[in-house]
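K.L.:
What follows is model-v9.txt, made up of compact mmCIF, C-alpha atoms:
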```
# COMPACT_ATOMS: atom_id res chain seq x y z
CA MET A 1 107.63 -2.71 -31.91
CA LYS A 2 110.49 -5.13 -32.44
CA ILE A 3 110.06 -6.97 -35.71
CA SER A 4 112.96 -9.23 -34.69
CA HIS A 5 110.62 -10.95 -32.25
CA LEU A 6 108.34 -12.04 -35.09
CA LEU A 7 110.18 -15.23 -36.07
CA LEU A 8 110.74 -16.30 -32.47
CA GLY A 9 107.08 -15.71 -31.60
CA THR A 10 105.74 -17.53 -34.62
CA ALA A 11 107.97 -20.48 -33.82
CA CYS A 12 106.32 -20.65 -30.41
CA MET A 13 102.89 -20.37 -31.99
CA ALA A 14 103.75 -23.10 -34.50
CA SER A 15 104.41 -25.57 -31.70
CA PHE A 16 101.08 -24.74 -30.04
CA GLY A 17 98.29 -27.09 -31.04
CA LEU A 18 99.96 -28.01 -34.35
CA ALA A 19 97.56 -29.88 -36.59
CA GLN A 20 98.65 -33.44 -37.33
CA ALA A 21 97.11 -33.54 -40.79
CA ALA A 22 95.88 -31.03 -43.31
CA GLU A 23 92.86 -29.31 -41.79
CA THR A 24 90.58 -26.60 -43.16
CA LEU A 25 89.20 -24.11 -40.66
CA THR A 26 86.06 -22.18 -41.52
CA VAL A 27 86.40 -18.67 -40.10
CA ALA A 28 83.30 -16.47 -39.83
CA THR A 29 84.02 -12.77 -39.57
CA VAL A 30 82.60 -9.31 -40.11
CA ASN A 31 83.17 -7.20 -43.24
CA ASN A 32 85.07 -4.33 -41.65
CA ALA A 33 88.52 -3.12 -42.65
CA ASP A 34 90.46 -4.69 -39.78
CA MET A 35 88.99 -8.12 -40.43
CA ILE A 36 89.55 -7.83 -44.17
CA ARG A 37 93.18 -7.00 -43.36
CA MET A 38 93.36 -10.09 -41.13
CA GLN A 39 92.08 -12.19 -44.01
CA ARG A 40 94.74 -10.72 -46.30
CA LEU A 41 97.59 -11.20 -43.82
CA SER A 42 96.49 -14.73 -42.92
CA LYS A 43 98.53 -15.92 -45.89
CA THR A 44 101.45 -15.53 -43.49
CA PHE A 45 99.74 -17.86 -41.02
CA GLU A 46 99.13 -20.48 -43.71
CA ASP A 47 102.76 -20.26 -44.80
CA GLN A 48 103.87 -20.82 -41.20
CA HIS A 49 101.29 -23.59 -40.66
CA PRO A 50 101.17 -25.60 -43.92
CA ASP A 51 98.88 -28.19 -42.30
CA ILE A 52 96.15 -25.60 -41.65
CA LYS A 53 94.10 -23.98 -44.39
CA LEU A 54 91.58 -21.19 -43.88
CA ASN A 55 88.15 -20.90 -45.45
CA TRP A 56 86.65 -17.43 -44.93
CA VAL A 57 83.00 -16.48 -44.54
CA VAL A 58 82.82 -12.67 -44.45
CA LEU A 59 79.42 -11.15 -43.65
CA GLU A 60 77.74 -7.84 -42.87
CA GLU A 61 77.45 -7.26 -39.12
CA ASN A 62 73.74 -7.97 -38.63
CA VAL A 63 73.88 -11.02 -40.92
CA LEU A 64 76.97 -12.38 -39.14
CA ARG A 65 75.28 -12.15 -35.74
CA GLN A 66 72.16 -13.88 -37.01
CA ARG A 67 74.08 -16.69 -38.74
CA LEU A 68 76.34 -17.35 -35.76
CA THR A 69 73.50 -17.25 -33.24
CA THR A 70 71.46 -19.74 -35.25
CA ASP A 71 74.42 -22.05 -35.85
CA ILE A 72 75.64 -22.18 -32.27
CA ALA A 73 72.16 -22.48 -30.71
CA THR A 74 71.36 -25.45 -32.97
CA ASP A 75 74.85 -26.99 -32.65
CA GLY A 76 75.15 -26.65 -36.41
CA GLY A 77 78.92 -26.91 -36.53
CA GLN A 78 79.39 -24.80 -39.68
CA PHE A 79 82.27 -22.76 -38.25
CA ASP A 80 85.53 -23.37 -36.41
CA VAL A 81 86.34 -19.77 -35.51
CA LEU A 82 83.66 -17.19 -34.70
CA THR A 83 84.05 -13.42 -34.65
CA ILE A 84 81.87 -12.36 -31.73
CA GLY A 85 81.61 -9.59 -29.15
CA MET A 86 81.48 -9.34 -25.38
CA TYR A 87 77.73 -9.97 -25.36
CA GLU A 88 78.00 -13.38 -27.01
CA ALA A 89 81.22 -14.36 -25.21
CA SER A 90 79.57 -13.87 -21.84
CA LEU A 91 76.25 -15.57 -22.60
CA TRP A 92 77.52 -18.36 -24.86
CA GLY A 93 80.45 -19.09 -22.58
CA ALA A 94 78.07 -19.48 -19.64
CA LYS A 95 75.93 -21.91 -21.68
CA GLY A 96 78.94 -24.06 -22.51
CA TRP A 97 78.72 -23.29 -26.21
CA LEU A 98 82.32 -21.99 -26.48
CA ALA A 99 85.62 -23.74 -25.86
CA PRO A 100 87.62 -22.12 -23.02
CA MET A 101 90.70 -20.25 -24.19
CA THR A 102 93.06 -21.98 -21.76
CA ASP A 103 96.64 -23.22 -22.11
CA LEU A 104 97.74 -20.32 -24.29
CA PRO A 105 101.48 -20.24 -25.07
CA ASP A 106 103.69 -18.06 -22.86
CA SER A 107 104.51 -15.92 -25.89
CA TYR A 108 100.85 -14.87 -26.07
CA ASP A 109 101.34 -12.81 -22.88
CA LEU A 110 97.74 -12.72 -21.70
CA GLU A 111 98.68 -10.30 -18.90
CA ASP A 112 99.43 -7.71 -21.59
CA VAL A 113 95.72 -7.66 -22.53
CA PHE A 114 93.78 -4.90 -20.73
CA PRO A 115 91.93 -6.34 -17.69
CA SER A 116 88.58 -4.78 -18.72
CA VAL A 117 88.80 -6.52 -22.09
CA ARG A 118 89.74 -9.88 -20.55
CA GLU A 119 86.90 -9.60 -18.05
CA GLY A 120 84.39 -8.69 -20.76
CA LEU A 121 85.24 -11.90 -22.63
CA SER A 122 85.24 -14.14 -19.55
CA VAL A 123 82.73 -15.94 -17.35
CA ASP A 124 83.67 -16.61 -13.73
CA GLY A 125 87.33 -16.05 -14.52
CA THR A 126 87.43 -18.33 -17.58
CA LEU A 127 88.31 -16.66 -20.90
CA TYR A 128 86.07 -17.70 -23.80
CA ALA A 129 87.32 -15.47 -26.64
CA LEU A 130 90.58 -13.78 -27.62
CA PRO A 131 90.24 -10.05 -28.40
CA PHE A 132 91.16 -8.99 -31.92
CA TYR A 133 90.53 -5.35 -31.15
CA ALA A 134 88.61 -3.36 -28.55
CA GLU A 135 86.89 -0.05 -28.95
CA SER A 136 84.99 2.70 -27.26
CA SER A 137 83.21 5.50 -29.13
CA MET A 138 84.46 8.98 -29.92
CA THR A 139 83.77 12.15 -31.90
CA TYR A 140 85.40 12.73 -35.29
CA TYR A 141 85.18 16.19 -36.81
CA ARG A 142 86.55 18.20 -39.71
CA THR A 143 89.07 20.70 -38.35
CA ASP A 144 89.04 22.71 -41.60
CA LEU A 145 85.25 23.16 -41.57
CA PHE A 146 85.28 24.15 -37.90
CA LYS A 147 87.97 26.74 -38.58
CA GLN A 148 86.12 28.16 -41.59
CA ALA A 149 82.93 28.48 -39.52
CA GLY A 150 84.75 30.02 -36.55
CA LEU A 151 83.80 27.09 -34.32
CA GLU A 152 85.85 25.34 -31.65
CA MET A 153 85.22 21.76 -30.59
CA PRO A 154 85.35 21.34 -26.79
CA ALA A 155 87.35 18.47 -25.31
CA HIS A 156 84.11 17.11 -23.84
CA PRO A 157 81.22 18.27 -26.06
CA THR A 158 77.57 17.88 -25.12
CA TRP A 159 75.01 16.49 -27.54
CA THR A 160 73.30 19.89 -27.45
CA GLN A 161 76.53 21.52 -28.65
CA MET A 162 76.88 18.87 -31.34
CA ALA A 163 73.43 19.76 -32.69
CA GLN A 164 74.35 23.46 -32.70
CA PHE A 165 77.54 22.72 -34.63
CA ALA A 166 75.66 20.44 -37.03
CA GLU A 167 73.17 23.20 -37.82
CA LYS A 168 75.96 25.62 -38.74
CA LEU A 169 77.92 23.09 -40.78
CA HIS A 170 75.01 21.50 -42.65
CA LYS A 171 75.23 22.42 -46.34
CA PRO A 172 73.37 19.71 -48.25
CA GLY A 173 73.55 21.71 -51.48
CA GLU A 174 77.33 21.25 -51.32
CA ASP A 175 77.13 17.56 -50.36
CA GLN A 176 78.19 18.46 -46.83
CA TYR A 177 76.12 17.15 -43.94
CA GLY A 178 76.27 18.48 -40.40
CA ILE A 179 76.48 15.14 -38.64
CA CYS A 180 76.58 11.46 -39.54
CA LEU A 181 75.21 8.92 -37.05
CA ARG A 182 74.12 5.30 -37.20
CA GLY A 183 70.56 4.79 -38.39
CA LYS A 184 70.63 1.20 -39.64
CA ALA A 185 68.41 -1.02 -37.52
CA GLY A 186 70.13 -3.54 -35.28
CA TRP A 187 70.92 -4.08 -31.61
CA GLY A 188 74.60 -3.67 -32.44
CA GLU A 189 74.04 -1.01 -35.13
CA ASN A 190 71.74 1.95 -34.40
CA MET A 191 70.97 0.85 -30.85
CA ALA A 192 74.64 0.86 -29.85
CA LEU A 193 74.76 4.60 -30.56
CA VAL A 194 71.20 5.38 -29.46
CA THR A 195 71.77 3.69 -26.10
CA THR A 196 74.86 5.80 -25.40
CA ILE A 197 72.85 8.93 -26.27
CA ALA A 198 70.09 7.75 -23.93
CA ASN A 199 72.64 7.06 -21.19
CA ALA A 200 74.02 10.58 -21.64
CA PHE A 201 70.50 11.97 -21.11
CA GLY A 202 70.23 9.93 -17.90
CA ALA A 203 68.11 7.07 -19.28
CA ARG A 204 68.42 3.33 -18.72
CA TRP A 205 66.94 0.27 -20.46
CA PHE A 206 65.40 -1.20 -17.31
CA ASP A 207 64.78 -0.10 -13.75
CA GLU A 208 65.89 -2.23 -10.80
CA GLN A 209 62.80 -4.43 -11.15
CA TRP A 210 63.56 -5.06 -14.86
CA GLN A 211 60.76 -2.78 -16.04
CA PRO A 212 61.48 -0.92 -19.33
CA GLU A 213 61.53 2.89 -19.07
CA PHE A 214 61.04 4.03 -22.68
CA THR A 215 58.12 6.34 -21.98
CA GLY A 216 60.03 8.19 -19.25
CA PRO A 217 61.35 11.75 -19.72
CA GLU A 218 64.98 10.72 -20.25
CA TRP A 219 64.30 8.31 -23.14
CA THR A 220 61.79 10.76 -24.60
CA GLN A 221 64.35 13.59 -24.63
CA ALA A 222 67.11 11.35 -26.02
CA ALA A 223 64.92 9.85 -28.76
CA LYS A 224 63.56 13.23 -29.85
CA PHE A 225 67.07 14.64 -29.92
CA TYR A 226 68.41 11.74 -32.00
CA VAL A 227 65.55 11.73 -34.53
CA ASP A 228 65.37 15.52 -34.85
CA THR A 229 69.13 16.07 -35.17
CA LEU A 230 69.76 13.29 -37.67
CA SER A 231 66.64 14.17 -39.69
CA LYS A 232 67.58 17.84 -39.95
CA TYR A 233 71.36 17.71 -40.26
CA GLY A 234 72.20 14.16 -41.36
CA PRO A 235 72.70 12.72 -44.85
CA PRO A 236 69.73 11.49 -46.86
CA GLY A 237 68.88 7.84 -46.24
CA ALA A 238 70.42 7.91 -42.75
CA SER A 239 68.21 4.98 -41.67
CA SER A 240 70.28 2.74 -43.96
CA ASN A 241 73.65 3.82 -42.61
CA GLY A 242 75.68 1.73 -40.19
CA PHE A 243 79.38 1.91 -39.33
CA ASN A 244 80.70 1.08 -42.81
CA GLU A 245 78.32 3.44 -44.63
CA ASN A 246 79.10 6.39 -42.36
CA LEU A 247 82.82 5.67 -42.60
CA ALA A 248 82.57 5.89 -46.40
CA LEU A 249 80.63 9.16 -46.14
CA PHE A 250 83.14 10.68 -43.73
CA ASN A 251 86.15 9.56 -45.76
CA SER A 252 84.64 11.07 -48.92
CA GLY A 253 84.33 14.45 -47.18
CA LYS A 254 80.55 14.50 -46.74
CA CYS A 255 80.32 14.54 -42.93
CA ALA A 256 81.32 17.53 -40.82
CA MET A 257 81.08 15.36 -37.69
CA TRP A 258 80.68 11.69 -36.91
CA VAL A 259 80.28 9.87 -33.58
CA ASP A 260 81.18 6.20 -33.76
CA ALA A 261 83.70 3.52 -32.86
CA THR A 262 87.24 4.51 -31.91
CA VAL A 263 88.54 1.82 -34.26
CA ALA A 264 87.75 4.13 -37.20
CA GLY A 265 90.67 6.37 -36.21
CA SER A 266 93.18 4.54 -38.38
CA PHE A 267 90.77 4.52 -41.35
CA VAL A 268 89.87 8.23 -41.37
CA THR A 269 93.57 9.18 -41.16
CA ASP A 270 94.70 6.77 -43.89
CA GLU A 271 95.45 8.79 -47.03
CA SER A 272 94.84 5.75 -49.22
CA GLN A 273 91.16 5.61 -48.21
CA SER A 274 90.30 9.04 -46.78
CA LYS A 275 90.11 12.27 -48.76
CA VAL A 276 90.18 14.22 -45.49
CA ALA A 277 92.98 12.31 -43.73
CA ASP A 278 94.85 15.49 -42.78
CA LYS A 279 91.74 17.39 -41.69
CA VAL A 280 90.34 15.17 -38.92
CA GLY A 281 90.06 16.12 -35.27
CA PHE A 282 89.31 13.72 -32.43
CA THR A 283 87.64 14.16 -29.07
CA PHE A 284 85.51 12.27 -26.58
CA ALA A 285 82.00 11.00 -27.28
CA PRO A 286 79.40 13.63 -26.35
CA HIS A 287 77.74 13.67 -22.95
CA GLU A 288 74.65 15.62 -21.83
CA THR A 289 73.26 15.52 -18.28
CA THR A 290 75.86 12.89 -17.36
CA ASP A 291 78.95 11.32 -18.86
CA LYS A 292 78.08 7.88 -17.46
CA GLY A 293 77.61 5.43 -20.30
CA SER A 294 78.11 8.11 -22.94
CA ALA A 295 80.82 6.05 -24.68
CA TRP A 296 80.54 2.34 -25.27
CA LEU A 297 82.88 -0.59 -24.65
CA TYR A 298 83.10 -3.39 -27.19
CA SER A 299 85.50 -5.95 -28.54
CA TRP A 300 85.48 -8.01 -31.68
CA ALA A 301 87.03 -11.27 -30.57
CA LEU A 302 87.75 -14.76 -31.88
CA ALA A 303 86.05 -17.73 -30.24
CA ILE A 304 85.78 -21.44 -30.91
CA PRO A 305 82.40 -23.22 -30.74
CA THR A 306 82.37 -26.49 -28.84
CA SER A 307 80.89 -28.03 -32.00
CA SER A 308 84.20 -27.57 -33.87
CA GLN A 309 86.03 -30.80 -34.61
CA GLN A 310 89.32 -28.91 -35.02
CA LYS A 311 89.67 -27.02 -31.76
CA ASP A 312 93.47 -27.22 -31.50
CA ALA A 313 94.01 -25.84 -34.99
CA ALA A 314 91.33 -23.21 -34.39
CA LYS A 315 93.02 -22.11 -31.17
CA THR A 316 96.35 -21.93 -32.97
CA PHE A 317 94.86 -19.51 -35.50
CA ALA A 318 92.94 -17.45 -32.93
CA ALA A 319 96.08 -17.07 -30.83
CA TRP A 320 98.12 -16.01 -33.89
CA ALA A 321 95.57 -13.43 -35.08
CA THR A 322 95.34 -11.77 -31.65
CA SER A 323 99.03 -11.98 -30.72
CA LYS A 324 101.80 -9.42 -30.38
CA ASP A 325 103.34 -11.01 -33.44
CA TYR A 326 100.27 -10.23 -35.53
CA ALA A 327 100.42 -6.63 -34.32
CA GLU A 328 104.04 -6.46 -35.43
CA LEU A 329 103.12 -7.94 -38.80
CA VAL A 330 100.48 -5.24 -39.31
CA ALA A 331 102.95 -2.54 -38.28
CA LYS A 332 105.51 -3.89 -40.74
CA THR A 333 103.15 -4.28 -43.70
CA ASP A 334 100.55 -1.53 -43.22
CA GLY A 335 102.09 0.94 -40.76
CA VAL A 336 102.05 1.14 -36.96
CA ALA A 337 98.89 3.32 -36.84
CA ASN A 338 96.91 0.36 -38.28
CA VAL A 339 97.74 -2.07 -35.48
CA PRO A 340 94.46 -3.44 -34.00
CA PRO A 341 93.74 -1.07 -31.12
CA GLY A 342 92.42 -1.27 -27.62
CA THR A 343 93.48 -4.72 -26.44
CA ARG A 344 97.11 -4.64 -25.31
CA GLU A 345 99.20 -2.36 -23.12
CA SER A 346 102.19 -2.98 -25.37
CA THR A 347 100.37 -1.48 -28.37
CA TYR A 348 100.39 1.95 -26.73
CA SER A 349 104.12 2.55 -27.14
CA ASP A 350 105.58 5.99 -27.78
CA GLU A 351 105.87 5.03 -31.44
CA TYR A 352 102.17 4.16 -31.70
CA MET A 353 101.01 7.20 -29.71
CA THR A 354 103.01 9.42 -32.04
CA ALA A 355 101.80 7.70 -35.23
CA ALA A 356 98.14 7.52 -34.16
CA PRO A 357 96.64 10.94 -33.30
CA PHE A 358 93.47 9.25 -32.05
CA ALA A 359 95.28 6.89 -29.64
CA LYS A 360 95.10 9.03 -26.50
CA ILE A 361 91.32 9.57 -26.76
CA THR A 362 90.82 5.85 -27.47
CA LEU A 363 92.91 4.77 -24.49
CA GLU A 364 91.28 7.18 -22.04
CA SER A 365 87.79 6.28 -23.27
CA LEU A 366 88.45 2.56 -22.84
CA LYS A 367 89.77 3.08 -19.33
CA GLN A 368 86.76 5.20 -18.30
CA ALA A 369 84.10 2.85 -19.69
CA ASP A 370 82.33 0.97 -16.89
CA PRO A 371 79.79 -1.66 -18.04
CA ALA A 372 78.79 -2.34 -14.43
CA SER A 373 77.64 1.27 -13.96
CA PRO A 374 76.35 2.52 -17.34
CA SER A 375 73.66 4.91 -16.18
CA ALA A 376 73.17 7.81 -13.80
CA LYS A 377 70.52 5.61 -12.15
CA PRO A 378 71.11 2.14 -10.67
CA VAL A 379 70.59 -0.75 -13.10
CA PRO A 380 70.23 -4.53 -12.62
CA TYR A 381 72.29 -5.33 -15.70
CA VAL A 382 75.83 -5.15 -17.07
CA GLY A 383 76.50 -3.37 -20.37
CA ILE A 384 76.83 0.18 -21.67
CA GLN A 385 75.36 0.02 -25.18
CA LEU A 386 73.69 -3.33 -24.60
CA VAL A 387 72.15 -5.39 -21.81
CA THR A 388 73.88 -8.70 -21.11
CA ILE A 389 70.82 -10.93 -20.88
CA PRO A 390 69.79 -13.56 -23.46
CA GLU A 391 66.58 -11.69 -24.29
CA PHE A 392 68.38 -8.51 -25.33
CA GLN A 393 69.25 -9.66 -28.83
CA ALA A 394 65.58 -10.05 -29.80
CA ILE A 395 64.41 -6.98 -27.86
CA GLY A 396 67.25 -4.78 -29.13
CA THR A 397 66.64 -5.85 -32.73
CA GLN A 398 62.95 -4.99 -32.48
CA VAL A 399 63.65 -1.64 -30.78
CA GLY A 400 66.24 -0.84 -33.45
CA LYS A 401 63.64 -1.36 -36.18
CA MET A 402 61.24 1.00 -34.42
CA PHE A 403 63.86 3.72 -34.04
CA ALA A 404 64.69 3.38 -37.75
CA ALA A 405 60.97 3.74 -38.51
CA ALA A 406 60.80 6.95 -36.45
CA LEU A 407 63.85 8.25 -38.28
CA THR A 408 62.14 7.78 -41.64
CA GLY A 409 59.01 9.55 -40.37
CA GLN A 410 56.83 6.44 -40.33
CA MET A 411 55.71 7.22 -36.78
CA PRO A 412 56.11 10.11 -34.30
CA VAL A 413 58.69 9.65 -31.56
CA GLU A 414 56.13 9.44 -28.71
CA GLN A 415 54.12 6.80 -30.58
CA MET A 416 57.30 4.86 -31.33
CA LEU A 417 58.39 4.91 -27.67
CA THR A 418 54.97 3.72 -26.53
CA ALA A 419 55.23 0.82 -28.98
CA VAL A 420 58.77 0.09 -27.80
CA GLN A 421 57.63 0.10 -24.16
CA GLN A 422 54.83 -2.35 -24.90
CA SER A 423 57.07 -4.63 -26.97
CA ALA A 424 59.92 -4.72 -24.46
CA SER A 425 57.55 -5.15 -21.50
CA GLY A 426 55.85 -8.07 -23.21
CA GLU A 427 59.15 -9.80 -24.02
CA MET A 428 60.45 -9.39 -20.47
CA LYS A 429 57.20 -10.67 -18.97
CA ARG A 430 57.25 -13.75 -21.23
CA ALA A 431 60.85 -14.35 -20.20
CA GLY A 432 59.84 -14.38 -16.55
CA TYR A 433 61.37 -11.11 -15.33
CA PRO A 434 61.90 -10.09 -12.60
CA LYS A 435 63.68 -13.34 -11.74
```
Could you take the file, read its structure, and then write that structure out as structure tokens?
P.N.:
Amino acid sequence: MKISHLLLGTACMASFGLAQAAETLTVATVNNADMIRMQRLSKTFEDQHPDIKLNWVVLEENVLRQRLTTDIATDGGQFDVLTIGMYEASLWGAKGWLAPMTDLPDSYDLEDVFPSVREGLSVDGTLYALPFYAESSMTYYRTDLFKQAGLEMPAHPTWTQMAQFAEKLHKPGEDQYGICLRGKAGWGENMALVTTIANAFGARWFDEQWQPEFTGPEWTQAAKFYVDTLSKYGPPGASSNGFNENLALFNSGKCAMWVDATVAGSFVTDESQSKVADKVGFTFAPHETTDKGSAWLYSWALAIPTSSQQKDAAKTFAAWATSKDYAELVAKTDGVANVPPGTRESTYSDEYMTAAPFAKITLESLKQADPASPSAKPVPYVGIQLVTIPEFQAIGTQVGKMFAAALTGQMPVEQMLTAVQQSASGEMKRAGYPK
């Protein structure tokens, strides 16, 4: 990356939508490491744009989604910049709740953004959010523990193999757990992972007539596998663990394996936050009967609600935070391996590929992910770890709570799936499906 371009690029950004008077933008974002870094580095933006000040609202993932959904649906106008994903960008953009991300400066180089990411944040060819980073999912494992146990991680492991490895590596008396997986309830928390497991077992959320299939053999096998494996070989209190909690466990040396977002690659290899930074291996997310939909596709992106009274200033900030110049700033201050991944072709330079041992798996996983064909069976929806319909947020949240209940032993898997089937069927019927 050429740091010399930084001043030129920021000059271009400064002329784009420059605020005429002092304005304060309220930015709502998620409490993960990349966004906390963005908040820290935004001092540079404020120095370059003295007429724009930033007020940050940083929230846990489930809380953020709830707050933003309520605010935008009621036209509350609390926020000027929203951190959202592909699900919200597609649905909210279609409803006219988001300002189109048009007239970006030439220096932004929108063509450099991966087409699949652009498409996931667009509706009918109009872009409604700018991608901060994009991710798939992958397998992280402790190379030292595998070597000690005489195990070898395949390039494309199955979930069955993962359970076998977890059994051999599970040593709770030594604070070492065989596998760490998401258990925290939420459509974007446990259900993101659970849905990719279900996809790998050949399951789907709905058949072609929009009927849920949770009592079918594929979901039954996937759910039993997930609950059994995490109950036997996971850490205590797994039903409370989301991305951040499992990242902390892995970085403290307590997880032999972890399957989660590719964005964690730079965190688990960062010596300042990971005790096992030099002992981490990377490979693809596990498959089982199929590899279709076994790894997700997601992007945290910056969008502007139509309710914002400061759209030009908001677009100026969103463009800065997702630009090549921001990537160069991260590389300069925090090291090239910490550049936000998954959004731009230019990120994947020889320098980055060398500095980031997880980069190749991330790039290949992103390119293979196909939200239009997430299951071995035909589906009427788009989305790998989610279903891009307005009703999914409520249905997925409820299903996530039931899976968490099964994980804590509150109900057997078969009983839980029957309850899920009834709940999802009722919601879809009330919503008027099939349409």
K.L.:
Could you work out how far CA of Glu88 (chain A) lies from CA of Thr44 (chain A), giving the answer in Å with one decimal?
P.N.:
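Answer for the CA of Thr44 (chain A) to CA of Glu88 (chain A) separation: 28.7 Å.
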K.L.:
What separation in Å, quoted to one decimal, exists between CA of Asn31 (chain A) and CA of Leu247 (chain A)?
P.N.:
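CA of Leu247 (chain A) lies at a distance of 12.9 Å from CA of Asn31 (chain A).
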K.L.:
Please measure the separation of CA of Gly96 (chain A) and CA of Thr306 (chain A), giving the value in Å to one decimal.
P.N.:
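Here the two named atoms are 7.6 Å from each other.
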K.L.:
Find, counting all atoms listed in the file, the residue in A:Lys332, A:Lys168, A:Lys224, A:Lys435 that gets nearest to Glu208 (chain A).
P.N.:
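That would be A:Lys435, the residue with the smallest distance to Glu208 (chain A).
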K.L.:
Which residue gives the smallest distance to Trp296 (chain A) among A:Met138, A:Ala337, A:Ala264, A:Leu417, with all atoms listed in the file counted?
P.N.:
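Nearest candidate to Trp296 (chain A) out of A:Met138, A:Ala337, A:Ala264, A:Leu417: A:Met138.
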